[in-house]
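Notes follow the structure.
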Amino acid sequence: MREKSIELLNNAIADELSAVHQYMYFHFHCDDQGYDLLSNLFKRTAIEEMMHVEKLADRILFLKGEVDIKAAHEVQKIHDVKQMLEMAAGMETGSVKDYNEWANVCSLNADSATRKIFEALVDDEERHFGQYDKEMENLIKFGDNYLALQSIEHSKNVGAGHPTT
């Protein structure tokens, strides 16, 4: 029981660390392009994913396991906002699928505490998906005007001497 839970928890850490790295990369590039709303969304999500890593690591240590701190995937060098949002939504969907499956495995192995952690992560990842999906809808609905408005607002704030992040 313990070994399987530790394995799944470490798999989750690898996925979460990949998300942290990818979302921070997106944050930097959206910030550079003046897309403050999207930049902050990616940054906030990355911070939440870091908190997931901490929660997962705490459980591994409780189970007397070794925490593996390695990302599952390399950062994808994407600069196009639509592609960023598509990738982010896909990552969140994949996490929801995995965490639901892993919660069931933990349940079968009589590890309800780890099951509850995975179930709570599903809630967070579904919320993240919803945020990215909403931004994608805005981009489709308003087109480049949506990004232009963010960039103009960024320029106004910079011109007025207000910090943007």
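Chain lettering (A, B, ...) mirrors the order of the structure tokens, residue numbering begins at 1 for each chain separately, and ligand numbering begins at 1 in order of display.
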I'd like the contact shell of Arg127 (chain A) - 12 Å cut-off, only C-alpha atoms, skipping same-chain residues fewer than 3 positions apart - returned as a compact mmCIF listing (two decimals) with N, CA and C atoms, in the first residue's frame.
```txt
# COMPACT_ATOMS: atom_id res chain seq x y z
N THR A 45 -1.32 30.61 -10.75
CA THR A 45 -1.50 29.16 -10.90
C THR A 45 -0.20 28.43 -10.58
N GLU A 48 0.09 28.15 -6.90
CA GLU A 48 -0.81 27.11 -6.38
C GLU A 48 -0.24 25.72 -6.64
N ALA A 89 -4.69 24.33 -20.63
CA ALA A 89 -5.96 23.61 -20.46
C ALA A 89 -5.73 22.11 -20.60
N GLU A 92 -4.04 20.71 -17.45
CA GLU A 92 -4.99 20.59 -16.34
C GLU A 92 -5.93 19.41 -16.55
N THR A 93 -6.39 19.21 -17.78
CA THR A 93 -7.26 18.08 -18.08
C THR A 93 -6.55 16.76 -17.81
N SER A 95 -4.10 16.28 -15.70
CA SER A 95 -3.95 16.12 -14.24
C SER A 95 -5.24 15.63 -13.61
N VAL A 96 -6.36 16.19 -14.04
CA VAL A 96 -7.66 15.76 -13.51
C VAL A 96 -7.85 14.26 -13.76
N ALA A 120 -8.81 16.38 -3.63
CA ALA A 120 -8.72 17.83 -3.46
C ALA A 120 -7.96 18.47 -4.62
N LEU A 121 -6.93 17.77 -5.10
CA LEU A 121 -6.18 18.28 -6.25
C LEU A 121 -7.05 18.33 -7.50
N VAL A 122 -7.94 17.36 -7.64
CA VAL A 122 -8.86 17.37 -8.79
C VAL A 122 -9.68 18.65 -8.77
N ASP A 123 -10.19 19.04 -7.61
CA ASP A 123 -10.97 20.28 -7.52
C ASP A 123 -10.15 21.49 -7.98
N ASP A 124 -8.90 21.57 -7.51
CA ASP A 124 -8.05 22.70 -7.89
C ASP A 124 -7.75 22.68 -9.38
N GLY A 130 -10.93 25.66 -15.77
CA GLY A 130 -12.00 26.62 -16.01
C GLY A 130 -11.47 28.02 -16.28
N GLN A 131 -10.44 28.41 -15.56
CA GLN A 131 -9.84 29.74 -15.77
C GLN A 131 -9.21 29.84 -17.15
N TYR A 132 -8.46 28.80 -17.54
CA TYR A 132 -7.83 28.83 -18.86
C TYR A 132 -8.86 28.74 -19.98
N ASP A 133 -9.89 27.95 -19.75
CA ASP A 133 -10.96 27.82 -20.74
C ASP A 133 -11.67 29.16 -20.93
N LYS A 134 -11.91 29.87 -19.84
CA LYS A 134 -12.57 31.19 -19.91
C LYS A 134 -11.70 32.18 -20.68
```
List the spatial neighbours of Ile6 (chain A) as a compact mmCIF listing (two decimals) with C-alpha atoms, in the first residue's frame - criterion: any atom at most 12 Å away, only C-alpha atoms, same-chain residues fewer than 2 positions off excluded.
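Here's the written file out.txt:
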```
# COMPACT_ATOMS: atom_id res chain seq x y z
CA MET A 1 0.00 0.00 0.00
CA ARG A 2 2.58 2.52 1.12
CA GLU A 3 4.91 1.95 -1.83
CA LYS A 4 2.17 2.43 -4.44
CA LEU A 8 1.77 7.97 -7.28
CA LEU A 9 2.55 10.94 -5.05
CA ASN A 10 5.99 11.28 -6.66
CA ASN A 11 4.40 11.05 -10.12
CA ALA A 12 2.11 13.90 -9.08
CA ILE A 13 5.08 15.95 -7.86
CA LEU A 56 2.30 15.91 -1.83
CA ALA A 57 5.81 15.92 -0.35
CA ASP A 58 4.41 16.17 3.19
CA ARG A 59 2.35 13.04 2.56
CA ILE A 60 5.32 11.15 1.12
CA LEU A 61 7.40 12.01 4.17
CA PHE A 62 4.57 10.94 6.46
CA LEU A 63 4.56 7.60 4.64
CA LYS A 64 8.34 7.40 5.24
CA GLY A 65 9.12 7.67 1.54
CA GLU A 66 11.70 9.59 -0.45
CA VAL A 67 10.53 12.74 -2.24
CA ASP A 68 11.70 12.88 -5.87
CA TRP A 102 -4.85 7.67 -8.65
CA VAL A 105 -6.01 3.26 -6.78
CA CYS A 106 -5.36 4.66 -3.30
CA ASN A 109 -5.17 0.09 -1.38
CA ASP A 111 -5.12 4.69 1.78
CA THR A 114 -3.82 9.99 0.03
CA ARG A 115 -7.09 9.46 -1.85
```
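Distances from A:Arg44, A:Asn100, A:His79, A:Gly94 to Asp32 (chain A) were compared using only C-alpha atoms, and the smallest one belongs to A:His79.
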Of the candidates A:Cys30, A:Ala14, A:Asn138, A:Leu149, which shows the shortest atom-to-atom distance to Met84 (chain A), using only C-alpha atoms?
->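 Once distances to Met84 (chain A) are computed over only C-alpha atoms, the minimum belongs to A:Cys30.
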Please indicate the distance in Å from CA of Ser112 (chain A) to CA of Ile69 (chain A), rounded to one decimal place.
-> 24.0 Å
Apply DSSP to the backbone of this structure and, from region 49-81 of chain A, keep only the residues in helix (DSSP H, G or I); write these as a list in words.
->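 DSSP on the backbone gives helix (DSSP H, G or I) at Glu49, Met50, Met51, His52, Val53, Glu54, Lys55, Leu56, Ala57, Asp58, Arg59, Ile60, Leu61, Phe62 and Val81 of chain A.
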Between CA of Glu137 (chain A) and CA of Lys43 (chain A), distance in Å (one decimal) =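 Computed distance, CA of Glu137 (chain A) to CA of Lys43 (chain A), equals 19.9 Å.
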With only C-alpha atoms as the basis for distance, which of A:Ala103, A:Ile78, A:Met91, A:Ala110 is at the shortest distance from His29 (chain A)?
->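 Looking only at the distances to His29 (chain A), the closest residue turns out to be A:Ile78.
Between Phe26 (chain A) and the residues A:Gln150, A:Asn145, A:Gln76, A:Ser5, the shortest atom-to-atom distance, using only C-alpha atoms, involves A:Gln76.
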Suppose you want the space between CA of Ile47 (chain A) and CA of Asp144 (chain A); what is it in Å?
->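 Separating CA of Ile47 (chain A) from CA of Asp144 (chain A) is a distance of 27.6 Å.
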Minimum-distance residue to Lys55 (chain A), chosen among A:Ile140, A:Tyr35, A:Glu74, A:Phe118 (using only C-alpha atoms) |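 Looking at the shortest contact to Lys55 (chain A), the residue is A:Phe118.
Of the listed residues A:Glu135, A:Lys141, A:His73, A:Gly90, the one whose atoms come nearest to Leu38 (chain A) is A:Glu135, with distances taken using only C-alpha atoms.
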